[in-house]
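structure_6.cif follows (mmCIF, C-alpha atoms):
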data_query
loop_
_atom_site.label_atom_id
_atom_site.label_comp_id
_atom_site.auth_asym_id
_atom_site.auth_seq_id
_atom_site.Cartn_x
_atom_site.Cartn_y
_atom_site.Cartn_z
CA MET A 290 -115.71 -59.07 -17.56
CA GLY A 291 -116.02 -55.31 -17.46
CA ALA A 292 -114.05 -55.16 -14.23
CA GLN A 293 -111.13 -57.09 -15.74
CA LEU A 294 -111.00 -54.76 -18.69
CA ARG A 295 -110.82 -51.73 -16.42
CA LEU A 296 -108.12 -53.40 -14.33
CA LEU A 297 -105.98 -54.13 -17.38
CA ARG A 298 -106.37 -50.58 -18.68
CA ARG A 299 -105.22 -49.25 -15.34
CA ARG A 300 -102.18 -51.51 -15.27
CA ILE A 301 -101.18 -50.56 -18.80
CA LYS A 302 -101.39 -46.90 -17.86
CA SER A 303 -99.22 -47.37 -14.79
CA VAL A 304 -96.62 -49.48 -16.61
CA LYS A 305 -96.52 -46.89 -19.38
CA SER A 306 -95.74 -44.10 -16.95
CA THR A 307 -93.04 -46.22 -15.30
CA ALA A 308 -91.54 -46.89 -18.73
CA LYS A 309 -91.47 -43.15 -19.39
CA ILE A 310 -89.56 -42.57 -16.18
CA THR A 311 -87.03 -45.34 -16.77
CA ARG A 312 -86.56 -44.23 -20.36
CA ALA A 313 -85.86 -40.68 -19.20
CA GLN A 314 -83.43 -41.99 -16.56
CA GLU A 315 -81.68 -44.01 -19.23
CA LEU A 316 -81.21 -40.96 -21.44
CA ILE A 317 -80.02 -38.82 -18.54
CA ALA A 318 -77.52 -41.51 -17.55
CA SER A 319 -76.19 -41.78 -21.12
CA SER A 320 -75.49 -38.08 -21.27
CA ARG A 321 -73.92 -38.16 -17.83
CA ILE A 322 -71.56 -41.00 -18.77
CA VAL A 323 -70.06 -38.80 -21.45
CA LYS A 324 -69.50 -35.98 -18.97
CA ALA A 325 -68.08 -38.35 -16.36
CA GLN A 326 -65.74 -39.79 -18.95
CA LEU A 327 -64.53 -36.33 -19.89
CA ARG A 328 -63.82 -35.55 -16.25
CA MET A 329 -61.97 -38.83 -15.97
CA GLN A 330 -59.82 -38.01 -18.98
CA ALA A 331 -59.16 -34.48 -17.72
CA ALA A 332 -57.68 -35.94 -14.55
CA VAL A 333 -55.31 -38.27 -16.40
CA PRO A 334 -52.42 -35.80 -17.08
CA TYR A 335 -52.09 -34.85 -13.40
CA GLU A 336 -52.25 -38.44 -12.27
CA ARG A 337 -49.65 -39.50 -14.82
CA GLU A 338 -47.28 -36.70 -13.87
CA ILE A 339 -47.59 -37.25 -10.15
CA THR A 340 -47.06 -40.99 -10.55
CA ARG A 341 -43.95 -40.23 -12.57
CA ALA A 342 -42.69 -37.83 -9.95
CA VAL A 343 -43.24 -40.33 -7.13
CA THR A 344 -41.61 -43.08 -9.13
CA GLY A 345 -38.73 -40.69 -9.75
CA VAL A 346 -38.20 -39.93 -6.09
CA VAL A 347 -38.58 -43.49 -4.93
CA SER A 348 -36.18 -44.86 -7.52
CA ASN A 349 -33.67 -42.08 -6.76
CA THR A 350 -33.42 -42.41 -3.05
CA ALA A 351 -32.24 -45.93 -2.53
CA SER A 352 -33.84 -46.42 0.85
CA VAL A 353 -37.08 -44.53 1.07
CA ASP A 354 -37.72 -44.18 4.73
CA HIS A 355 -40.95 -42.32 4.86
CA PRO A 356 -43.76 -43.20 7.28
CA LEU A 357 -46.15 -43.59 4.35
CA THR A 358 -44.04 -46.21 2.61
CA VAL A 359 -42.89 -48.32 5.53
CA GLU A 360 -44.74 -51.55 6.08
CA LYS A 361 -45.51 -52.45 9.65
CA GLU A 362 -44.31 -55.86 10.66
CA ARG A 363 -47.54 -56.89 12.31
CA PRO A 364 -50.42 -54.88 10.91
CA ALA A 365 -53.29 -54.89 13.42
CA ARG A 366 -55.92 -52.72 11.77
CA ALA A 367 -56.67 -51.99 8.14
CA ALA A 368 -58.86 -49.27 6.69
CA VAL A 369 -61.10 -50.31 3.82
CA LEU A 370 -62.37 -47.40 1.75
CA ILE A 371 -65.55 -48.49 0.00
CA VAL A 372 -66.73 -46.32 -2.87
CA THR A 373 -70.46 -46.62 -3.55
CA SER A 374 -73.12 -44.38 -5.10
CA ASP A 375 -75.52 -41.91 -3.51
CA SER A 376 -78.58 -42.89 -5.48
CA GLY A 377 -80.02 -46.23 -6.47
CA PHE A 378 -81.53 -47.27 -9.81
CA CYS A 379 -78.17 -48.56 -10.94
CA GLY A 380 -78.58 -52.31 -10.98
CA GLY A 381 -75.98 -54.35 -9.17
CA PHE A 382 -73.46 -51.54 -8.96
CA ASN A 383 -73.45 -51.11 -5.18
CA ALA A 384 -74.13 -54.78 -4.47
CA ASN A 385 -71.03 -55.73 -6.45
CA VAL A 386 -68.81 -53.27 -4.60
CA LEU A 387 -70.16 -54.31 -1.22
CA ARG A 388 -69.75 -58.00 -2.01
CA GLU A 389 -66.09 -57.51 -2.91
CA ALA A 390 -65.62 -55.38 0.19
CA GLU A 391 -67.09 -58.16 2.30
CA ALA A 392 -64.71 -60.65 0.73
CA LEU A 393 -61.78 -58.36 1.53
CA VAL A 394 -63.01 -57.88 5.10
CA GLY A 395 -63.20 -61.66 5.50
CA LEU A 396 -59.70 -62.05 4.11
CA LEU A 397 -58.29 -59.44 6.46
CA LYS A 398 -60.01 -61.01 9.44
CA GLY A 399 -58.54 -64.35 8.43
CA LYS A 400 -55.08 -62.78 8.61
CA GLY A 401 -55.83 -61.46 12.07
CA ILE A 402 -56.20 -57.86 10.92
CA GLU A 403 -59.16 -55.87 12.15
CA PRO A 404 -60.87 -54.13 9.23
CA VAL A 405 -62.26 -50.59 9.66
CA PRO A 406 -64.68 -49.55 6.93
CA PHE A 407 -64.56 -46.00 5.56
CA VAL A 408 -67.50 -45.48 3.24
CA THR A 409 -68.39 -42.95 0.57
CA GLY A 410 -71.84 -42.84 -1.00
CA ARG A 411 -75.25 -42.94 0.67
CA LYS A 412 -75.94 -46.55 -0.36
CA GLY A 413 -72.84 -47.93 1.26
CA VAL A 414 -73.39 -45.87 4.39
CA ALA A 415 -76.98 -47.12 4.65
CA TRP A 416 -75.80 -50.69 4.13
CA HIS A 417 -73.33 -50.40 7.00
CA SER A 418 -75.57 -48.57 9.43
CA PHE A 419 -78.43 -51.01 8.75
CA ARG A 420 -76.17 -53.84 9.85
CA GLY A 421 -75.03 -51.84 12.83
CA ARG A 422 -71.41 -51.81 11.69
CA GLU A 423 -69.24 -49.05 12.91
CA MET A 424 -67.58 -46.92 10.26
CA GLY A 425 -64.29 -45.12 10.59
CA GLY A 426 -65.60 -42.36 8.38
CA GLN A 427 -68.41 -41.65 5.96
CA TRP A 428 -68.89 -39.18 3.15
CA THR A 429 -71.95 -38.61 1.00
CA GLY A 430 -73.33 -36.23 -1.57
CA PHE A 431 -70.73 -36.26 -4.33
CA SER A 432 -70.80 -39.72 -5.89
CA ARG A 433 -72.04 -38.40 -9.23
CA LYS A 434 -69.66 -35.50 -9.50
CA PRO A 435 -66.69 -35.84 -7.19
CA ALA A 436 -64.50 -32.76 -6.79
CA TYR A 437 -60.82 -32.85 -5.93
CA SER A 438 -61.60 -31.29 -2.57
CA ASP A 439 -63.70 -34.38 -1.73
CA ALA A 440 -60.77 -36.67 -2.45
CA LYS A 441 -58.53 -34.38 -0.42
CA GLU A 442 -60.85 -34.58 2.57
CA ILE A 443 -60.99 -38.38 2.43
CA ALA A 444 -57.25 -38.67 1.96
CA GLY A 445 -56.70 -36.32 4.88
CA VAL A 446 -58.74 -38.47 7.25
CA LEU A 447 -57.12 -41.69 6.03
CA ILE A 448 -53.58 -40.35 6.23
CA ASP A 449 -54.21 -38.94 9.70
CA SER A 450 -55.51 -42.29 10.83
CA PHE A 451 -52.53 -44.00 9.20
CA SER A 452 -50.03 -41.72 10.92
CA ALA A 453 -51.72 -41.93 14.31
CA GLU A 454 -50.20 -44.25 16.87
CA ASP A 455 -53.34 -46.33 17.42
CA GLY A 456 -54.70 -45.84 13.93
CA VAL A 457 -54.75 -48.14 10.93
CA ASP A 458 -51.69 -49.84 9.47
CA GLU A 459 -52.95 -50.45 5.97
CA ILE A 460 -55.37 -48.70 3.66
CA HIS A 461 -57.27 -50.57 0.97
CA ILE A 462 -59.67 -49.13 -1.51
CA VAL A 463 -62.59 -51.02 -3.05
CA SER A 464 -64.08 -49.25 -6.04
CA THR A 465 -65.43 -49.81 -9.51
CA GLN A 466 -63.16 -49.28 -12.43
CA PHE A 467 -64.57 -47.98 -15.68
CA VAL A 468 -63.21 -50.24 -18.39
CA SER A 469 -65.65 -49.33 -21.12
CA MET A 470 -69.30 -48.39 -21.57
CA LEU A 471 -70.22 -52.04 -21.22
CA THR A 472 -67.68 -53.30 -18.73
CA GLN A 473 -67.00 -52.06 -15.24
CA GLU A 474 -64.95 -54.05 -12.79
CA VAL A 475 -64.73 -53.93 -9.05
CA VAL A 476 -61.08 -53.62 -8.07
CA ILE A 477 -59.32 -53.80 -4.74
CA LYS A 478 -56.13 -51.81 -4.33
CA ARG A 479 -53.88 -51.22 -1.43
CA ILE A 480 -52.90 -47.57 -1.39
CA LEU A 481 -50.92 -47.41 1.85
CA PRO A 482 -48.25 -48.44 2.65
CA LEU A 483 -47.41 -47.15 -0.74
CA GLU A 484 -46.84 -49.44 -3.65
CA VAL A 485 -45.87 -47.11 -6.42
CA GLU A 486 -47.43 -48.18 -9.66
CA GLU A 487 -45.11 -47.84 -12.59
CA THR A 488 -46.57 -46.15 -15.60
CA ASP A 489 -46.65 -48.40 -18.64
CA GLU A 490 -44.71 -46.06 -20.90
CA ARG A 491 -41.73 -46.05 -18.55
CA ALA A 492 -41.34 -49.79 -18.49
CA ASP A 493 -39.52 -50.11 -21.79
CA SER A 494 -37.89 -46.69 -22.17
CA THR A 495 -34.75 -45.26 -20.63
CA PRO A 496 -34.18 -45.52 -16.88
CA LEU A 497 -35.46 -42.62 -14.83
CA PRO A 498 -33.21 -39.57 -14.66
CA TYR A 499 -31.36 -38.70 -11.52
CA PHE A 500 -33.34 -35.90 -9.92
CA GLU A 501 -32.14 -32.94 -7.97
CA PHE A 502 -34.48 -31.91 -5.21
CA GLU A 503 -35.64 -28.48 -4.09
CA PRO A 504 -35.33 -28.20 -1.12
CA SER A 505 -34.50 -31.85 -0.24
CA ALA A 506 -35.61 -35.36 -1.10
CA ALA A 507 -37.27 -35.81 2.28
CA ASP A 508 -39.22 -32.54 2.01
CA VAL A 509 -40.31 -33.30 -1.51
CA LEU A 510 -41.48 -36.73 -0.44
CA ASP A 511 -43.32 -35.25 2.53
CA THR A 512 -45.47 -33.08 0.30
CA LEU A 513 -45.57 -35.39 -2.68
CA LEU A 514 -46.85 -38.57 -1.07
CA PRO A 515 -50.08 -37.17 0.38
CA ARG A 516 -50.82 -35.56 -3.01
CA TYR A 517 -50.21 -38.92 -4.64
CA VAL A 518 -52.67 -40.63 -2.29
CA GLU A 519 -55.22 -37.88 -2.96
CA SER A 520 -54.79 -38.29 -6.66
CA ARG A 521 -55.32 -42.06 -6.41
CA ILE A 522 -58.49 -41.58 -4.38
CA PHE A 523 -59.71 -38.90 -6.75
CA SER A 524 -59.18 -41.20 -9.69
CA ALA A 525 -61.10 -43.98 -7.91
CA LEU A 526 -63.98 -41.57 -7.24
CA LEU A 527 -64.08 -40.44 -10.87
CA GLN A 528 -63.95 -43.98 -12.20
CA SER A 529 -66.70 -44.96 -9.83
CA ALA A 530 -68.85 -42.01 -10.92
CA ALA A 531 -68.54 -43.00 -14.58
CA SER A 532 -69.22 -46.65 -13.76
CA GLU A 533 -72.27 -45.70 -11.71
CA GLU A 534 -73.82 -43.88 -14.66
CA ALA A 535 -72.94 -46.69 -17.05
CA SER A 536 -74.52 -49.25 -14.82
CA ARG A 537 -77.55 -47.03 -14.27
CA ARG A 538 -77.98 -46.68 -18.01
CA ARG A 539 -77.89 -50.44 -18.41
CA ALA A 540 -80.31 -51.06 -15.55
CA MET A 541 -82.73 -48.45 -16.86
CA LYS A 542 -82.52 -49.81 -20.38
CA SER A 543 -83.50 -53.28 -19.26
CA ALA A 544 -86.25 -51.81 -17.08
CA THR A 545 -87.64 -49.92 -20.08
CA ASP A 546 -87.44 -53.02 -22.27
CA ASN A 547 -89.20 -55.04 -19.63
CA ALA A 548 -91.94 -52.42 -19.26
CA ASN A 549 -92.53 -52.39 -23.01
CA GLU A 550 -92.78 -56.18 -22.98
CA LEU A 551 -95.36 -55.98 -20.16
CA ILE A 552 -97.36 -53.38 -22.05
CA ARG A 553 -97.48 -55.66 -25.09
CA THR A 554 -98.74 -58.63 -23.04
CA PHE A 555 -101.32 -56.53 -21.21
CA THR A 556 -102.57 -54.98 -24.43
CA GLN A 557 -103.07 -58.43 -25.90
CA GLN A 558 -104.95 -59.58 -22.80
CA MET A 559 -107.02 -56.42 -22.84
CA ASN A 560 -107.99 -56.89 -26.49
CA GLN A 561 -108.99 -60.47 -25.79
CA ALA A 562 -111.07 -59.36 -22.85
CA ARG A 563 -112.71 -56.64 -24.91
CA GLN A 564 -113.56 -59.06 -27.71
CA ALA A 565 -114.95 -61.55 -25.24
CA GLU A 566 -117.07 -58.83 -23.74
CA ILE A 567 -118.43 -57.75 -27.11
CA THR A 568 -119.14 -61.35 -28.10
CA GLN A 569 -120.98 -61.88 -24.84
CA GLU A 570 -123.03 -58.73 -25.33
CA ILE A 571 -123.99 -59.75 -28.87
CA SER A 572 -125.00 -63.21 -27.77
CA GLU A 573 -127.02 -61.69 -24.94
CA ILE A 574 -128.80 -59.33 -27.33
CA VAL A 575 -129.42 -62.10 -29.85
CA GLY A 576 -130.64 -64.38 -27.10
CA GLY A 577 -132.92 -61.65 -25.72
CA ALA A 578 -134.26 -60.80 -29.17
CA SER A 579 -135.01 -64.40 -30.04
CA ALA A 580 -136.68 -64.87 -26.66
CA LEU A 581 -138.91 -61.86 -27.39
CA ALA A 582 -139.59 -63.19 -30.88
CA ASP A 583 -140.52 -66.59 -29.43
CA ALA A 584 -142.85 -64.94 -26.92
CA ALA A 585 -144.47 -62.86 -29.70
CA ALA A 586 -144.87 -65.96 -31.85
CA GLY A 587 -146.47 -67.83 -28.92
CA LYS A 588 -149.17 -65.15 -28.53
CA GLU A 589 -150.38 -65.36 -32.07
CA MET B 70 -32.56 -23.87 -30.09
CA ALA B 71 -34.17 -26.74 -28.34
CA LYS B 72 -37.48 -26.02 -26.74
CA LEU B 73 -39.03 -27.10 -23.50
CA ARG B 74 -42.24 -29.05 -23.53
CA VAL B 75 -44.32 -27.55 -20.77
CA GLY B 76 -47.48 -28.82 -19.16
CA VAL B 77 -49.42 -27.10 -16.40
CA VAL B 78 -51.86 -29.57 -14.90
CA SER B 79 -54.30 -29.52 -12.02
CA PRO B 80 -56.13 -32.60 -10.73
CA GLU B 81 -59.31 -31.64 -12.54
CA ARG B 82 -57.95 -30.52 -15.89
CA GLU B 83 -54.91 -29.72 -17.99
CA ILE B 84 -54.56 -25.97 -17.77
CA TRP B 85 -51.99 -25.33 -20.44
CA SER B 86 -49.52 -27.27 -22.50
CA GLY B 87 -47.14 -26.22 -25.22
CA GLU B 88 -43.56 -25.31 -26.01
CA ALA B 89 -41.48 -22.63 -24.38
CA ASP B 90 -37.96 -21.24 -24.16
CA MET B 91 -37.90 -20.73 -20.44
CA VAL B 92 -39.99 -21.41 -17.36
CA ILE B 93 -39.63 -19.42 -14.16
CA ALA B 94 -41.25 -20.69 -10.96
CA LYS B 95 -40.92 -20.09 -7.29
CA THR B 96 -39.97 -23.05 -5.13
CA VAL B 97 -39.69 -23.13 -1.37
CA ASP B 98 -35.96 -22.41 -1.75
CA GLY B 99 -36.41 -19.47 -4.09
CA GLU B 100 -36.98 -18.69 -7.73
CA ILE B 101 -35.83 -21.20 -10.27
CA GLY B 102 -35.47 -20.66 -13.98
CA ILE B 103 -35.55 -23.65 -16.28
CA MET B 104 -34.11 -23.56 -19.77
CA PRO B 105 -33.61 -26.43 -22.20
CA LYS B 106 -31.05 -29.05 -21.15
CA HIS B 107 -31.65 -28.34 -17.48
CA ALA B 108 -30.73 -31.13 -15.10
CA PRO B 109 -33.69 -33.14 -13.77
CA VAL B 110 -35.27 -31.35 -10.84
CA LEU B 111 -38.18 -32.04 -8.56
CA GLY B 112 -39.21 -29.02 -6.52
CA VAL B 113 -41.95 -28.01 -4.14
CA LEU B 114 -43.62 -24.75 -5.16
CA VAL B 115 -44.66 -22.06 -2.70
CA GLU B 116 -48.25 -21.23 -1.91
CA GLY B 117 -49.35 -18.22 -3.94
CA GLY B 118 -46.39 -18.19 -6.29
CA LEU B 119 -46.09 -16.88 -9.80
CA LEU B 120 -45.24 -19.02 -12.78
CA LYS B 121 -43.83 -17.39 -15.89
CA ILE B 122 -43.59 -19.23 -19.17
CA LYS B 123 -41.52 -17.49 -21.84
CA ARG B 124 -42.73 -18.84 -25.11
CA GLY B 125 -40.38 -16.94 -27.42
CA ASP B 126 -41.01 -16.56 -31.17
CA GLY B 127 -42.69 -13.23 -30.54
CA GLU B 128 -45.49 -14.81 -28.55
CA ALA B 129 -46.56 -13.19 -25.33
CA ASP B 130 -45.30 -14.65 -22.05
CA LEU B 131 -47.76 -16.69 -20.06
CA VAL B 132 -48.20 -15.84 -16.42
CA ALA B 133 -50.13 -18.00 -13.99
CA ALA B 134 -50.87 -17.97 -10.30
CA VAL B 135 -49.94 -21.33 -8.80
CA HIS B 136 -51.06 -22.27 -5.32
CA GLY B 137 -48.80 -24.99 -4.01
CA GLY B 138 -47.78 -28.01 -6.01
CA PHE B 139 -44.69 -29.37 -7.71
CA LEU B 140 -42.33 -28.68 -10.51
CA SER B 141 -40.73 -31.59 -12.25
CA VAL B 142 -38.13 -31.30 -14.97
CA ALA B 143 -36.72 -34.21 -16.95
CA ASP B 144 -35.51 -34.53 -20.55
CA ASP B 145 -36.61 -31.02 -21.52
CA GLU B 146 -40.07 -31.77 -20.22
CA VAL B 147 -41.38 -29.44 -17.56
CA SER B 148 -44.53 -30.33 -15.69
CA ILE B 149 -46.12 -28.12 -13.13
CA LEU B 150 -48.51 -30.02 -10.90
CA ALA B 151 -50.67 -27.65 -8.97
CA GLU B 152 -53.75 -28.19 -6.94
CA ILE B 153 -55.01 -24.82 -8.09
CA ALA B 154 -53.49 -22.87 -10.95
CA GLU B 155 -54.97 -19.99 -12.86
CA LEU B 156 -53.74 -18.40 -16.05
CA GLY B 157 -53.42 -14.62 -15.88
CA SER B 158 -55.87 -14.27 -18.75
CA GLU B 159 -58.53 -16.27 -16.91
CA ILE B 160 -58.41 -14.31 -13.69
CA ASP B 161 -61.30 -12.08 -12.68
CA ILE B 162 -59.45 -9.02 -11.40
CA ALA B 163 -62.38 -7.44 -9.59
CA ARG B 164 -63.11 -10.66 -7.74
CA ALA B 165 -59.50 -11.23 -6.77
CA ARG B 166 -59.28 -7.66 -5.51
CA SER B 167 -62.36 -7.98 -3.33
CA ALA B 168 -61.08 -11.35 -2.04
CA LEU B 169 -57.80 -9.67 -1.10
CA GLU B 170 -59.60 -6.87 0.70
CA ARG B 171 -61.78 -9.29 2.59
CA ALA B 172 -58.81 -11.42 3.60
CA GLN B 173 -56.81 -8.37 4.68
CA ALA B 174 -59.71 -7.08 6.71
CA SER B 175 -60.02 -10.33 8.59
CA VAL B 176 -56.24 -10.51 9.12
CA GLU B 177 -56.27 -7.01 10.59
CA SER B 178 -59.29 -7.50 12.78
CA GLY B 179 -57.57 -10.67 13.99
CA GLN B 180 -60.28 -11.78 16.37
CA GLU B 181 -61.15 -15.17 15.02
CA GLY B 182 -58.54 -17.41 16.57
CA ALA B 183 -55.33 -18.82 15.18
CA ASP B 184 -56.72 -21.15 12.52
CA ALA B 185 -58.87 -18.50 10.92
CA ALA B 186 -55.98 -16.04 10.91
CA VAL B 187 -53.70 -18.51 9.14
CA GLU B 188 -56.44 -19.25 6.66
CA ALA B 189 -57.02 -15.55 6.00
CA ALA B 190 -53.30 -14.92 5.53
CA ALA B 191 -53.10 -17.76 3.00
CA GLU B 192 -56.17 -16.40 1.24
CA ALA B 193 -54.57 -12.95 1.02
CA LYS B 194 -51.41 -14.53 -0.42
CA ARG B 195 -53.40 -16.37 -3.04
CA ALA B 196 -55.35 -13.26 -3.99
CA ARG B 197 -52.12 -11.29 -4.33
CA ALA B 198 -50.60 -13.95 -6.58
CA ARG B 199 -53.75 -13.90 -8.67
CA LEU B 200 -53.61 -10.15 -9.11
CA ARG B 201 -49.93 -10.22 -9.99
CA ALA B 202 -50.55 -12.96 -12.54
CA ALA B 203 -53.22 -10.78 -14.10
CA GLY B 204 -50.67 -8.01 -14.43
CA GLU B 205 -52.02 -5.77 -11.68
CA GLU B 206 -49.94 -3.82 -9.22
CA VAL B 207 -50.35 -4.99 -5.64
CA GLY B 208 -49.12 -3.16 -2.60
#
Would you mind giving the structure from this file in C-alpha cells?
Amino acid sequence: MGAQLRLLRRRIKSVKSTAKITRAQELIASSRIVKAQLRMQAAVPYEREITRAVTGVVSNTASVDHPLTVEKERPARAAVLIVTSDSGFCGGFNANVLREAEALVGLLKGKGIEPVPFVTGRKGVAWHSFRGREMGGQWTGFSRKPAYSDAKEIAGVLIDSFSAEDGVDEIHIVSTQFVSMLTQEVVIKRILPLEVEETDERADSTPLPYFEFEPSAADVLDTLLPRYVESRIFSALLQSAASEEASRRRAMKSATDNANELIRTFTQQMNQARQAEITQEISEIVGGASALADAAAGKE
Amino acid sequence: MAKLRVGVVSPEREIWSGEADMVIAKTVDGEIGIMPKHAPVLGVLVEGGLLKIKRGDGEADLVAAVHGGFLSVADDEVSILAEIAELGSEIDIARARSALERAQASVESGQEGADAAVEAAAEAKRARARLRAAGEEVG
C-alpha cells in the first residue's frame, strides 16, 4: 500500500507542474492574440488602399494585358503556398491547414496540374520533409510575428517562379483566416493569375473614377501588381499568426482543464489509499495488542 | 475651401491621416501637387522622395521621407502607399547622417561588385531623403 501512495503523490506532483506550464502558455497566448490582432488591424488600411488602386487600374484599362493577370490556357504546374506555424502546442492548427492543402493538391493532380508546395513555418516544413516531398521553397522563423519583409521575400520567389518560362502557372495560398477569437477557418485562395477582389464598400457606391496614370498605366501596373501580391501574402501571414495564438490558447486551456481534472481524481485515489493504509495499520496494531493480551492471559 | 482627406499608410501601420489643403509628392515623372478637386491620379513614387502635406489653418506642414510606393487620388481622397515612410518628426537625424556617411563611403570605395554598389547608392538616397524630411541641409 505504501508504494501506491508514493506513486500517486509523484503523479500528482508531475501533473501539477504540467498544469502550471500549460496555464502559463495559455496566458501568454491570450496576450499574444491581442498583439497579433492589433498588427492585423494596422495592416488593413494599406491593404484596402492597394486593393482599391488595383481595382481602379484594372477597371480603367479595358484589356489588362499584364503577365501577372493572364491565365495560361493549359496550366501545367501550380504553386501551393502553405502557411503553418513554427511551434507546436496549438491543437489542430497545423493539421487542419495541411489537410486542406492535401485536398487541394489532390484536386490539382486530378486536373492534370503538378502541384509544387512552398511552405512557411517549421511544422509544415517538417511535415513535408518527413514524407520526402520536395518543396519549391521554405521559410521559417517568423510565424508568430511576420514582418512585411518576410512577405516580400516569399512574394519575390513566387513571382519569379511565375514569370519564369518553366516555372509555375498558378499560385494558390492555403492559410488560416482569423474570424474571431473562437473561430478560425482554413481558406484556399488563388492569388495568381490575379483575381482582383472587390472591396465591399465599392460594390454599392459610385463607379470607380477614371484614373490618370503617372507615368503610364502599364508602368503603374508593373509596380503595383507585385506590391498587391505581397500585401495579400502579408495579410495571410498576419491572419495565420493571430489564428495560431488563438488556437494555442484554446489547446492550452483544455490541457489545463484536463490536468486539473486528473489532479482531482488522483487526489481522491490518494486519500482512499491513505485511509486504507491507516485502517490497516490500526487493525494490525489492535490485532497485535490483542494477541499479546491473549498470550499474557494464557500465562496466568 | 474643400479639404483633401489624406492618408499615409505603410503595410505595417497607418503613419498619418488627416485633412490638408495640398499634397506635394515626387513621382517618377516629376513633382506633382494635389489640391482639392484634382482629377483622379495613380502615380508611382520615386525611391527616396519627399512628401509634403500642407495642412493650412496655421498648422505646420508635414514632411515625410517616402521610399517607393504609390500615390492615389480620387474624390478628394489622397492615399500614399509606401513600403517605408517616415515622418520628419520621427527621424533620428544622427542615425540618418551616419547611415548616409556609411553609404557614401561604400559607394566611393566601390570595390564590392555591382549589386552592392546599387544597394549602397539606394541607401544613400534614402538617407538623404530622411535628412531632408527632418529639415536638415544635405550636400
- prompt: Can you list, as a PyMOL selection string, the residues that the PyMOL selection byres ((chain A) within 8 of (chain B)) selects here?
  reply: chain A and resi 328+331-332+334-336+338-339+342+436-437+498-504+509+512-513+520
message: Evaluated on this file, the PyMOL selection byres ((chain B and resi 164-170) around 8) picks out some residues - which ones are they, written as a PyMOL selection string?
response: chain B and resi 160-163+171-174+192-193+196-197+199-200
Output for the residues just chosen: C-alpha atoms as an mmCIF file, keeping the file's coordinate frame:
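Output contents, as saved in part-v6.cif:
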data_model
loop_
_atom_site.group_PDB
_atom_site.id
_atom_site.type_symbol
_atom_site.label_atom_id
_atom_site.label_comp_id
_atom_site.auth_asym_id
_atom_site.auth_seq_id
_atom_site.Cartn_x
_atom_site.Cartn_y
_atom_site.Cartn_z
ATOM 1 C CA ILE B 160 -58.410 -14.310 -13.690
ATOM 2 C CA ASP B 161 -61.300 -12.080 -12.680
ATOM 3 C CA ILE B 162 -59.450 -9.020 -11.400
ATOM 4 C CA ALA B 163 -62.380 -7.440 -9.590
ATOM 5 C CA ARG B 171 -61.780 -9.290 2.590
ATOM 6 C CA ALA B 172 -58.810 -11.420 3.600
ATOM 7 C CA GLN B 173 -56.810 -8.370 4.680
ATOM 8 C CA ALA B 174 -59.710 -7.080 6.710
ATOM 9 C CA GLU B 192 -56.170 -16.400 1.240
ATOM 10 C CA ALA B 193 -54.570 -12.950 1.020
ATOM 11 C CA ALA B 196 -55.350 -13.260 -3.990
ATOM 12 C CA ARG B 197 -52.120 -11.290 -4.330
ATOM 13 C CA ARG B 199 -53.750 -13.900 -8.670
ATOM 14 C CA LEU B 200 -53.610 -10.150 -9.110
#
statement: For A:Arg479, the closest of A:Thr373, A:Asn385, A:Thr358, A:Thr340 counting all atoms listed in the file is A:Thr358
- request: May I ask for the distance between atom CA of B:Ala71 and atom CA of B:His107, given in Å to one decimal place?
  value: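 Going from atom CA of B:Ala71 over to atom CA of B:His107 covers 11.3 Å.
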- prompt: What do you get, as JSON, numbers by chain, if you spell out every residue that the PyMOL selection byres ((chain A and resi 515) around 9) selects here?
  reply: {"A": [357, 441, 444, 445, 448, 510, 511, 512, 513, 514, 516, 517, 518, 519, 520]}
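The two atoms in question, atom CA of A:Leu396 and atom CA of A:Gly425, are spaced 18.7 Å apart.
The coordinates place atom CA of A:Gly395 at 25.0 Å from atom CA of A:Gln528.
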Counting all atoms listed in the file, write as a short mmCIF file (atom, residue, chain, number, x, y, z; two decimals) with C-alpha atoms, keeping the file's coordinate frame all protein and nucleic acid residues lying at most 7 Å from (-66.5, -53.9, -10.9) in the file's frame.
data_model
loop_
_atom_site.label_atom_id
_atom_site.label_comp_id
_atom_site.auth_asym_id
_atom_site.auth_seq_id
_atom_site.Cartn_x
_atom_site.Cartn_y
_atom_site.Cartn_z
CA ASN A 385 -71.03 -55.73 -6.45
CA VAL A 386 -68.81 -53.27 -4.60
CA THR A 465 -65.43 -49.81 -9.51
CA GLN A 466 -63.16 -49.28 -12.43
CA GLN A 473 -67.00 -52.06 -15.24
CA GLU A 474 -64.95 -54.05 -12.79
CA VAL A 475 -64.73 -53.93 -9.05
CA VAL A 476 -61.08 -53.62 -8.07
#
- prompt: Within 12 Å of A:Glu454, counting only C-alpha atoms, which residues qualify if same-chain residues fewer than 5 places away don't, as a VMD selection string?
  reply: chain A and resid 356 361 365 to 366 448 to 449
Output the selection as a PDB file, in the coordinates of the input - C-alpha atoms for each residue.
ATOM      1  CA  PRO A 356     -43.760 -43.200   7.280  1.00  0.00           C
ATOM      2  CA  LYS A 361     -45.510 -52.450   9.650  1.00  0.00           C
ATOM      3  CA  ALA A 365     -53.290 -54.890  13.420  1.00  0.00           C
ATOM      4  CA  ARG A 366     -55.920 -52.720  11.770  1.00  0.00           C
ATOM      5  CA  ILE A 448     -53.580 -40.350   6.230  1.00  0.00           C
ATOM      6  CA  ASP A 449     -54.210 -38.940   9.700  1.00  0.00           C
TER       7      ASP A 449
END
task: Give the answer as one residue: which of B:Gly204, B:Gly102, B:Gly157, B:Gly117 has the shortest atom-to-atom distance to B:Asp90, using all atoms listed in the file?
output: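 So, comparing all the options, the nearest one is B:Gly102.
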field: Residue among B:Val115, B:Leu120, B:Val147, B:Val135 lying closest to B:Arg74, counting only C-alpha atoms
entry: B:Val147
field: Which of A:His461, A:Lys588, A:Arg537, A:Arg388 sits closest to A:Phe407 [using all atoms listed in the file]
entry: A:His461
field: 9 Å contact set for A:Ala313, only C-alpha atoms, chain neighbours under 5 positions out, as a ChimeraX atom specification
entry: /A:308,318,541
message: Need the shell around stretch 550-562 of chain A: protein/DNA/RNA residues with any atom at most 12 Å away, counting only C-alpha atoms. Skip same-chain ones fewer than 3 positions apart. Format as a list of chain:residue names?
response: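 The neighbour list is A:Met290, A:Gly291, A:Ala292, A:Gln293, A:Leu294, A:Arg295, A:Leu296, A:Leu297, A:Arg298, A:Arg299, A:Arg300, A:Ile301, A:Lys302, A:Ser303, A:Val304, A:Lys305, A:Ser306, A:Thr307, A:Ala308, A:Ser543, A:Ala544, A:Thr545, A:Asp546, A:Asn547, A:Ala565, A:Glu566, A:Ile567, A:Thr568, A:Gln569.
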